[in-house]
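Data block for start_21.txt (compact mmCIF, C-alpha atoms and all ligand atoms):
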```txt
# COMPACT_ATOMS: atom_id res chain seq x y z
CA MET A 226 -104.26 157.16 -136.43
CA GLY A 227 -101.75 154.28 -136.20
CA PRO A 228 -100.14 153.10 -132.95
CA MET A 229 -98.33 155.82 -130.99
CA THR A 230 -94.96 155.65 -129.25
CA ALA A 231 -94.78 156.23 -125.48
CA SER A 232 -93.40 159.71 -126.14
CA GLU A 233 -96.27 160.55 -128.53
CA GLU A 234 -98.79 159.32 -125.94
CA LYS A 235 -97.16 161.64 -123.39
CA ILE A 236 -97.40 164.59 -125.83
CA GLN A 237 -101.03 163.79 -126.60
CA ARG A 238 -101.84 163.62 -122.87
CA TYR A 239 -99.98 166.89 -122.28
CA TYR A 240 -101.95 168.76 -124.97
CA ASP A 241 -105.26 167.09 -124.12
CA ASN A 242 -104.72 168.14 -120.55
CA LEU A 243 -103.73 171.67 -121.58
CA TRP A 244 -106.67 172.24 -123.90
CA SER A 245 -109.32 170.51 -121.82
CA VAL A 246 -108.66 173.16 -119.19
CA GLY A 247 -107.68 175.48 -122.03
CA LYS A 248 -111.27 176.00 -123.10
CA LYS A 249 -111.08 178.65 -120.42
CA PHE A 250 -107.55 179.45 -121.64
CA ASN A 251 -106.32 182.96 -122.18
CA GLN A 252 -108.03 184.40 -125.26
CA LYS A 253 -104.75 185.56 -126.83
CA PHE A 254 -103.67 181.95 -127.31
CA ILE A 255 -107.09 180.95 -128.68
CA ASP A 256 -106.95 183.83 -131.19
CA GLY A 257 -103.25 183.80 -132.07
CA GLY A 258 -102.01 180.26 -131.34
CA PHE A 259 -99.81 178.62 -128.76
CA HIS A 260 -96.41 179.85 -129.87
CA PHE A 261 -93.82 182.58 -129.32
CA GLY A 262 -94.53 186.18 -130.23
CA TYR A 263 -92.63 187.79 -133.12
CA TYR A 264 -91.51 191.25 -132.01
CA GLU A 265 -90.46 193.93 -134.46
CA LYS A 266 -90.98 197.70 -134.83
CA GLY A 267 -94.61 198.61 -134.20
CA VAL A 268 -95.45 195.45 -132.27
CA ILE A 269 -96.02 196.65 -128.76
CA ASN A 270 -97.53 193.85 -126.77
CA TYR A 271 -97.68 190.10 -126.24
CA ARG A 272 -101.04 189.62 -127.98
CA GLN A 273 -99.91 191.54 -131.10
CA ALA A 274 -96.60 189.64 -131.15
CA ILE A 275 -98.33 186.24 -131.12
CA GLN A 276 -100.54 187.29 -134.05
CA ASN A 277 -97.52 188.85 -135.80
CA MET A 278 -95.86 185.42 -135.94
CA ASN A 279 -98.79 184.26 -138.08
CA LYS A 280 -98.31 187.29 -140.36
CA TYR A 281 -94.59 186.54 -140.60
CA ILE A 282 -95.31 182.93 -141.70
CA SER A 283 -97.76 184.20 -144.27
CA GLY A 284 -94.88 186.15 -145.92
CA LEU A 285 -92.54 183.13 -145.92
CA LEU A 286 -95.15 180.85 -147.48
CA GLU A 287 -95.49 183.16 -150.52
CA LEU A 288 -99.11 182.26 -151.07
CA GLY A 289 -99.68 185.16 -153.47
CA THR A 290 -103.18 186.12 -154.42
CA GLY A 291 -105.48 184.25 -156.72
CA HIS A 292 -103.52 180.97 -156.54
CA ALA A 293 -105.60 178.07 -155.26
CA LEU A 294 -102.88 176.33 -153.25
CA ASP A 295 -103.17 173.35 -150.89
CA ILE A 296 -101.44 173.98 -147.58
CA LEU A 297 -100.70 171.57 -144.74
CA GLU A 298 -100.05 172.76 -141.19
CA ALA A 299 -98.11 169.99 -139.42
CA GLY A 300 -98.77 170.14 -135.67
CA CYS A 301 -101.51 172.77 -135.93
CA GLY A 302 -102.75 172.62 -132.33
CA ILE A 303 -105.96 174.67 -132.16
CA GLY A 304 -105.32 175.83 -135.74
CA ALA A 305 -104.92 179.56 -135.08
CA THR A 306 -102.27 180.13 -137.77
CA SER A 307 -104.28 178.25 -140.39
CA ARG A 308 -107.41 180.21 -139.44
CA TYR A 309 -105.50 183.47 -139.82
CA LEU A 310 -104.22 182.37 -143.25
CA ALA A 311 -107.57 180.94 -144.39
CA LYS A 312 -109.13 184.38 -143.87
CA GLN A 313 -106.32 186.14 -145.81
CA TYR A 314 -106.31 183.61 -148.65
CA PRO A 315 -109.87 182.39 -149.24
CA GLU A 316 -108.85 180.79 -152.56
CA CYS A 317 -106.38 178.45 -150.77
CA HIS A 318 -107.27 175.30 -148.85
CA PHE A 319 -105.75 174.53 -145.46
CA THR A 320 -105.40 171.17 -143.70
CA GLY A 321 -104.28 171.05 -140.09
CA ILE A 322 -103.04 167.83 -138.47
CA SER A 323 -102.19 167.51 -134.79
CA LEU A 324 -101.73 164.81 -132.18
CA GLY A 325 -104.06 166.16 -129.51
CA THR A 326 -107.74 165.26 -129.64
CA GLU A 327 -108.92 168.18 -127.48
CA GLU A 328 -107.02 170.77 -129.53
CA ILE A 329 -108.45 169.41 -132.79
CA GLU A 330 -111.94 169.46 -131.31
CA LEU A 331 -111.42 173.13 -130.35
CA ALA A 332 -109.96 173.90 -133.82
CA LYS A 333 -113.07 172.43 -135.48
CA LYS A 334 -115.38 174.36 -133.16
CA LEU A 335 -113.58 177.68 -133.85
CA GLN A 336 -113.65 176.98 -137.61
CA LYS A 337 -117.41 176.39 -137.41
CA ASP A 338 -118.02 179.46 -135.22
CA GLN A 339 -116.07 181.62 -137.71
CA ASN A 340 -117.75 179.97 -140.69
CA LEU A 341 -114.50 179.14 -142.50
CA LYS A 342 -115.12 176.71 -145.36
CA ASN A 343 -111.61 176.48 -146.87
CA MET A 344 -110.08 174.32 -144.18
CA GLN A 345 -110.18 170.97 -142.38
CA PHE A 346 -108.65 169.64 -139.19
CA ILE A 347 -107.53 166.07 -138.58
CA SER A 348 -106.35 164.38 -135.42
CA GLY A 349 -103.23 162.48 -136.48
CA ASN A 350 -99.48 162.05 -136.54
CA TYR A 351 -97.27 164.18 -138.80
CA ASN A 352 -94.87 161.24 -139.05
CA ASN A 353 -97.41 159.17 -140.86
CA THR A 354 -100.17 161.36 -142.28
CA GLY A 355 -101.79 158.93 -144.72
CA PHE A 356 -101.95 161.64 -147.44
CA LYS A 357 -101.08 160.66 -151.01
CA ASN A 358 -97.66 161.56 -152.48
CA ASN A 359 -97.48 165.10 -153.94
CA SER A 360 -100.68 166.35 -152.24
CA PHE A 361 -99.63 169.81 -151.05
CA ASP A 362 -98.10 173.00 -152.49
CA ARG A 363 -96.91 174.24 -149.11
CA SER A 364 -96.42 172.86 -145.62
CA PHE A 365 -95.49 174.61 -142.43
CA ALA A 366 -94.74 173.55 -138.88
CA LEU A 367 -94.76 176.16 -136.15
CA GLU A 368 -93.11 174.98 -132.92
CA SER A 369 -94.17 171.42 -133.56
CA ILE A 370 -91.20 169.55 -135.13
CA VAL A 371 -89.36 169.88 -131.81
CA TYR A 372 -91.86 167.33 -130.42
CA ALA A 373 -90.86 164.59 -132.87
CA VAL A 374 -88.73 161.82 -131.41
CA ASN A 375 -87.29 161.24 -134.86
CA LYS A 376 -87.21 164.60 -136.64
CA LYS A 377 -85.83 162.99 -139.78
CA ASP A 378 -89.02 160.93 -140.20
CA VAL A 379 -91.22 164.05 -140.16
CA ILE A 380 -89.05 165.80 -142.76
CA ASN A 381 -89.22 162.69 -144.99
CA GLU A 382 -93.01 162.54 -144.60
CA ILE A 383 -93.40 166.25 -145.45
CA SER A 384 -91.18 165.77 -148.49
CA ARG A 385 -93.27 162.80 -149.62
CA ILE A 386 -96.59 164.67 -149.48
CA LEU A 387 -95.30 167.95 -150.97
CA LYS A 388 -95.49 168.45 -154.74
CA PRO A 389 -92.22 169.05 -156.61
CA SER A 390 -91.25 172.77 -156.18
CA GLY A 391 -93.45 172.82 -153.06
CA LYS A 392 -92.15 174.76 -150.08
CA VAL A 393 -91.81 173.91 -146.41
CA VAL A 394 -91.51 176.46 -143.60
CA ILE A 395 -90.27 175.22 -140.23
CA ILE A 396 -90.20 177.57 -137.26
CA ASP A 397 -88.75 176.19 -134.07
CA GLY A 398 -86.07 176.19 -131.41
CA PHE A 399 -82.72 174.71 -132.46
CA PHE A 400 -79.24 174.77 -130.99
CA PRO A 401 -77.21 177.29 -133.02
CA LYS A 402 -74.12 175.08 -132.99
CA ASN A 403 -73.75 171.75 -131.26
CA GLN A 404 -75.64 170.45 -128.27
CA PRO A 405 -74.55 172.27 -125.04
CA SER A 406 -71.54 170.64 -123.41
CA SER A 407 -71.83 171.95 -119.84
CA SER A 408 -73.52 169.55 -117.46
CA PHE A 409 -75.42 172.42 -115.78
CA LEU A 410 -76.98 173.48 -119.10
CA LYS A 411 -77.67 169.87 -120.06
CA SER A 412 -79.67 169.28 -116.90
CA ALA A 413 -81.45 172.67 -117.16
CA TYR A 414 -82.52 171.76 -120.70
CA SER A 415 -83.68 168.33 -119.74
CA ILE A 416 -85.91 169.77 -116.95
CA MET A 417 -87.37 172.39 -119.30
CA LEU A 418 -87.92 169.92 -122.15
CA SER A 419 -89.55 167.30 -119.99
CA LYS A 420 -91.93 169.92 -118.48
CA ARG A 421 -93.09 170.63 -122.02
CA SER A 422 -93.04 166.93 -123.02
CA ILE A 423 -90.37 167.70 -125.65
CA PRO A 424 -88.20 164.62 -126.36
CA SER A 425 -85.14 166.48 -127.72
CA VAL A 426 -83.80 169.59 -129.43
CA ILE A 427 -81.45 169.28 -132.41
CA SER A 428 -79.05 171.75 -134.02
CA VAL A 429 -79.62 173.90 -137.10
CA GLN A 430 -76.99 171.81 -138.92
CA GLU A 431 -78.87 168.60 -138.15
CA ILE A 432 -82.22 169.85 -139.49
CA GLN A 433 -80.44 171.22 -142.55
CA SER A 434 -78.89 167.83 -143.27
CA TYR A 435 -82.27 166.07 -142.86
CA LEU A 436 -83.82 168.52 -145.32
CA THR A 437 -81.05 167.96 -147.85
CA SER A 438 -81.28 164.19 -147.63
CA ALA A 439 -85.09 164.36 -147.97
CA GLY A 440 -84.65 166.11 -151.34
CA PHE A 441 -85.00 169.77 -150.34
CA THR A 442 -82.92 172.53 -151.87
CA ASP A 443 -82.60 176.34 -151.58
CA ILE A 444 -82.56 176.11 -147.79
CA ILE A 445 -82.81 179.58 -146.24
CA ILE A 446 -82.33 180.05 -142.50
CA HIS A 447 -83.61 183.15 -140.71
CA ASP A 448 -82.41 183.65 -137.15
CA LEU A 449 -85.40 184.99 -135.18
CA SER A 450 -83.79 184.67 -131.75
CA LYS A 451 -83.79 188.47 -131.30
CA ASN A 452 -87.39 188.82 -132.49
CA ILE A 453 -88.67 186.43 -129.87
CA SER A 454 -86.35 187.47 -127.04
CA LYS A 455 -88.96 189.87 -125.58
CA HIS A 456 -91.33 186.94 -125.37
CA TYR A 457 -89.01 185.41 -122.79
CA PHE A 458 -89.43 188.55 -120.78
CA PHE A 459 -93.16 189.18 -121.19
CA GLY A 460 -94.13 185.54 -121.55
CA GLY A 461 -91.40 183.95 -119.51
CA PHE A 462 -90.95 186.16 -116.53
CA PHE A 463 -94.32 187.81 -115.99
CA VAL A 464 -96.48 184.89 -117.07
CA SER A 465 -94.39 182.46 -115.05
CA LEU A 466 -94.35 184.52 -111.96
CA ARG A 467 -98.08 185.14 -112.16
CA GLY A 468 -98.60 181.48 -113.13
CA LEU A 469 -96.56 180.14 -110.26
CA VAL A 470 -98.25 182.40 -107.72
CA SER A 471 -101.78 181.70 -108.94
CA ALA A 472 -101.08 177.94 -109.24
CA GLU A 473 -99.85 177.91 -105.67
CA VAL A 474 -102.91 179.85 -104.43
CA LYS A 475 -105.23 177.43 -106.27
CA ARG A 476 -103.30 174.44 -104.99
CA LEU A 477 -103.65 175.64 -101.40
CA LYS A 478 -107.37 176.44 -101.85
CA ASN A 479 -107.96 172.98 -103.30
CA LYS A 480 -105.95 171.37 -100.55
CA VAL A 481 -108.22 173.05 -98.01
CA LYS A 482 -111.26 171.75 -99.92
CA GLY A 483 -109.61 168.31 -100.29
CA LYS A 484 -109.66 168.53 -104.13
CA ILE A 485 -106.93 167.90 -106.72
CA ASN A 486 -107.05 169.84 -109.96
CA GLU A 487 -104.91 170.38 -113.04
CA ASP A 488 -104.85 173.87 -114.46
CA THR A 489 -103.05 175.65 -117.24
CA ASP A 490 -100.99 177.83 -114.89
CA LYS A 491 -99.65 174.72 -113.23
CA ILE A 492 -98.90 173.05 -116.55
CA ILE A 493 -97.05 175.91 -118.25
CA GLY A 494 -95.96 178.13 -115.35
CA GLY A 495 -92.64 176.53 -114.44
CA ALA A 496 -91.60 175.77 -118.00
CA GLY A 497 -91.87 179.45 -119.00
CA PHE A 498 -89.54 180.44 -116.21
CA MET A 499 -86.91 177.90 -117.21
CA GLU A 500 -87.19 178.99 -120.82
CA MET A 501 -86.59 182.59 -119.86
CA LEU A 502 -83.40 181.66 -118.03
CA LEU A 503 -82.19 179.52 -120.91
CA GLY A 504 -83.14 182.24 -123.41
CA ILE A 505 -80.93 184.69 -121.56
CA THR A 506 -77.99 182.30 -121.82
CA LYS A 507 -78.46 182.38 -125.64
CA ASN A 508 -77.64 178.68 -125.99
CA LEU A 509 -80.90 177.91 -127.67
CA GLY A 510 -81.79 179.77 -130.87
CA TYR A 511 -85.11 180.24 -132.64
CA TYR A 512 -85.18 179.96 -136.42
CA ALA A 513 -87.42 180.05 -139.46
CA ILE A 514 -86.21 177.63 -142.11
CA VAL A 515 -87.58 177.68 -145.65
CA ALA A 516 -86.79 174.97 -148.19
CA THR A 517 -88.05 173.91 -151.62
CA LYS A 518 -88.65 170.33 -152.72
CA ARG A 519 -86.68 169.45 -155.85
C1 LIG B 601 -96.41 174.33 -129.15
S1 LIG B 601 -97.76 173.55 -129.93
C2 LIG B 601 -97.92 174.55 -131.37
C3 LIG B 601 -99.27 174.43 -132.01
C4 LIG B 601 -99.52 175.39 -133.16
N1 LIG B 601 -98.52 175.26 -134.20
C5 LIG B 601 -99.60 176.81 -132.65
O1 LIG B 601 -98.70 177.58 -132.96
O2 LIG B 601 -100.55 177.13 -131.93
C6 LIG B 601 -97.07 172.02 -130.55
C7 LIG B 601 -98.03 171.14 -131.32
O3 LIG B 601 -97.37 170.04 -131.93
C8 LIG B 601 -98.29 168.97 -131.98
N2 LIG B 601 -97.58 167.69 -132.17
C9 LIG B 601 -96.59 167.18 -131.39
N3 LIG B 601 -96.21 165.97 -131.86
C10 LIG B 601 -96.98 165.72 -132.96
C11 LIG B 601 -97.08 164.63 -133.88
N4 LIG B 601 -96.32 163.53 -133.75
N5 LIG B 601 -97.97 164.72 -134.88
C12 LIG B 601 -98.77 165.81 -135.03
N6 LIG B 601 -98.73 166.87 -134.18
C13 LIG B 601 -97.85 166.83 -133.16
C14 LIG B 601 -98.98 169.03 -130.63
O4 LIG B 601 -100.17 168.27 -130.64
C15 LIG B 601 -99.14 170.54 -130.46
O5 LIG B 601 -100.36 170.96 -130.99
```
Please render this file's structure as structure tokens.
Ligand SMILES: C[S@@+](CC[C@H](N)C(=O)[O-])C[C@H]1O[C@@H](n2cnc3c(N)ncnc32)[C@H](O)[C@@H]1O
Amino acid sequence: MGPMTASEEKIQRYYDNLWSVGKKFNQKFIDGGFHFGYYEKGVINYRQAIQNMNKYISGLLELGTGHALDILEAGCGIGATSRYLAKQYPECHFTGISLGTEEIELAKKLQKDQNLKNMQFISGNYNNTGFKNNSFDRSFALESIVYAVNKKDVINEISRILKPSGKVVIIDGFFPKNQPSSSFLKSAYSIMLSKRSIPSVISVQEIQSYLTSAGFTDIIIHDLSKNISKHYFFGGFFVSLRGLVSAEVKRLKNKVKGKINEDTDKIIGGAGFMEMLLGITKNLGYYAIVATKR
């Protein structure tokens, strides 16, 4: 991997920290991935919703059956979505790239444990992957583009490594219109984003214009804000409340023992609560964007 920016180093530290304690992490994230749940009819709980997001992506990628396609997951984390897809499409080959070293180590271990041969995981930067031009038939990024300081660079890199007529699927949070103008919302967002080590959020229009200038066409935008809104409730409120309480209990216990420790509750607890509040204000949307390289 080439030199990293200060922001990328912060993201790497954040995810290394998360997944080094995350080896004891809640099993639903290990199985389904570290992303929002996709709620629709028949999906009744948090665990199912997280896995249903992987199923939803599978539909958007149009992998078909019997086609030996090469697929890149940009910002794969522990690789749960790629593992899900690799099992459904054994004839396809999946490559996951992610900034964190701990998450990639866990992805490789889970791949080995599950004996999946049609995939590989690489610790690296999606801005500068080192893959040859026209290497992949499909690429997808689930809640990872938001971490790029320069989102335009990632789109250009994905365009470079996709084959002509290749498709990209981006699922992430975007502002539905312009950036929020109220100073209260601006500061609420900046607290939430910095807790998650996210440098910035852009609008749907901005990502659309980056895709167009990178040579993508047939851009389709699906608004999933309603599908993930229950996640704010189940994931935001309950997880946060439980997270904040248990983090505080652990902090006090450790204080008594004179120890300092980092744990997942402490890392994600507060951010979930902020996200729930911001989700209710409906200023931040959640979208799936599909585009085809010319
Ligand atoms: C919210 S997690 C989502 C992970 C995965 N897509 C999932 O659903 O479980 C965001 C991921 O983006 C990755 N990421 C952030 N910046 C990156 C970069 N510059 N290059 C590659 N991956 C990056 C992080 O390492 C992290 O794994």
Taking all atoms listed in the file into account, which residues are within 7 Å of ligand LIG 601 (chain B), as an MDAnalysis selection string? chainID A and resid 233 236:237 240 258:260 299:306 322:325 328 349:352 366:370 372:373
Take the residues from that selection and write them out as an mmCIF file, keeping the file's coordinate frame, keeping C-alpha atoms.
```
data_model
loop_
_atom_site.group_PDB
_atom_site.id
_atom_site.type_symbol
_atom_site.label_atom_id
_atom_site.label_comp_id
_atom_site.auth_asym_id
_atom_site.auth_seq_id
_atom_site.Cartn_x
_atom_site.Cartn_y
_atom_site.Cartn_z
ATOM 1 C CA GLU A 233 -96.270 160.550 -128.530
ATOM 2 C CA ILE A 236 -97.400 164.590 -125.830
ATOM 3 C CA GLN A 237 -101.030 163.790 -126.600
ATOM 4 C CA TYR A 240 -101.950 168.760 -124.970
ATOM 5 C CA GLY A 258 -102.010 180.260 -131.340
ATOM 6 C CA PHE A 259 -99.810 178.620 -128.760
ATOM 7 C CA HIS A 260 -96.410 179.850 -129.870
ATOM 8 C CA ALA A 299 -98.110 169.990 -139.420
ATOM 9 C CA GLY A 300 -98.770 170.140 -135.670
ATOM 10 C CA CYS A 301 -101.510 172.770 -135.930
ATOM 11 C CA GLY A 302 -102.750 172.620 -132.330
ATOM 12 C CA ILE A 303 -105.960 174.670 -132.160
ATOM 13 C CA GLY A 304 -105.320 175.830 -135.740
ATOM 14 C CA ALA A 305 -104.920 179.560 -135.080
ATOM 15 C CA THR A 306 -102.270 180.130 -137.770
ATOM 16 C CA ILE A 322 -103.040 167.830 -138.470
ATOM 17 C CA SER A 323 -102.190 167.510 -134.790
ATOM 18 C CA LEU A 324 -101.730 164.810 -132.180
ATOM 19 C CA GLY A 325 -104.060 166.160 -129.510
ATOM 20 C CA GLU A 328 -107.020 170.770 -129.530
ATOM 21 C CA GLY A 349 -103.230 162.480 -136.480
ATOM 22 C CA ASN A 350 -99.480 162.050 -136.540
ATOM 23 C CA TYR A 351 -97.270 164.180 -138.800
ATOM 24 C CA ASN A 352 -94.870 161.240 -139.050
ATOM 25 C CA ALA A 366 -94.740 173.550 -138.880
ATOM 26 C CA LEU A 367 -94.760 176.160 -136.150
ATOM 27 C CA GLU A 368 -93.110 174.980 -132.920
ATOM 28 C CA SER A 369 -94.170 171.420 -133.560
ATOM 29 C CA ILE A 370 -91.200 169.550 -135.130
ATOM 30 C CA TYR A 372 -91.860 167.330 -130.420
ATOM 31 C CA ALA A 373 -90.860 164.590 -132.870
#
```
List the spatial neighbours of Leu335 in chain A as a PyMOL selection string - criterion: any atom at most 9 Å away, all atoms listed in the file, same-chain residues fewer than 3 positions off excluded. chain A and resi 255+303-305+308+330-332+338-341
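The spacing separating CA of Asn343 in chain A from CA of Glu316 in chain A amounts to 7.7 Å.
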With distances taken over all atoms listed in the file, which residue among A:Val394, A:Ala413, A:Leu509, A:Ile282 lies nearest Lys451 in chain A?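 Between A:Val394, A:Ala413, A:Leu509, A:Ile282, the residue approaching Lys451 in chain A most closely is A:Leu509.
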Using Å and a single decimal, report how far CA of Ser390 in chain A sits from CA of Thr442 in chain A. 9.4 Å
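Of the residues under consideration (A:Gln336, A:Gln345, A:Thr437, A:Asn277), A:Gln345 shows the shortest atom-to-atom contact distance to Glu298 in chain A when counting all atoms listed in the file.
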Range 261-269 of chain A environment, 9 Å, only C-alpha atoms, sequence neighbours closer than 5 positions dropped, as a PyMOL selection string: chain A and resi 274-279+281+368+449+451-457+460
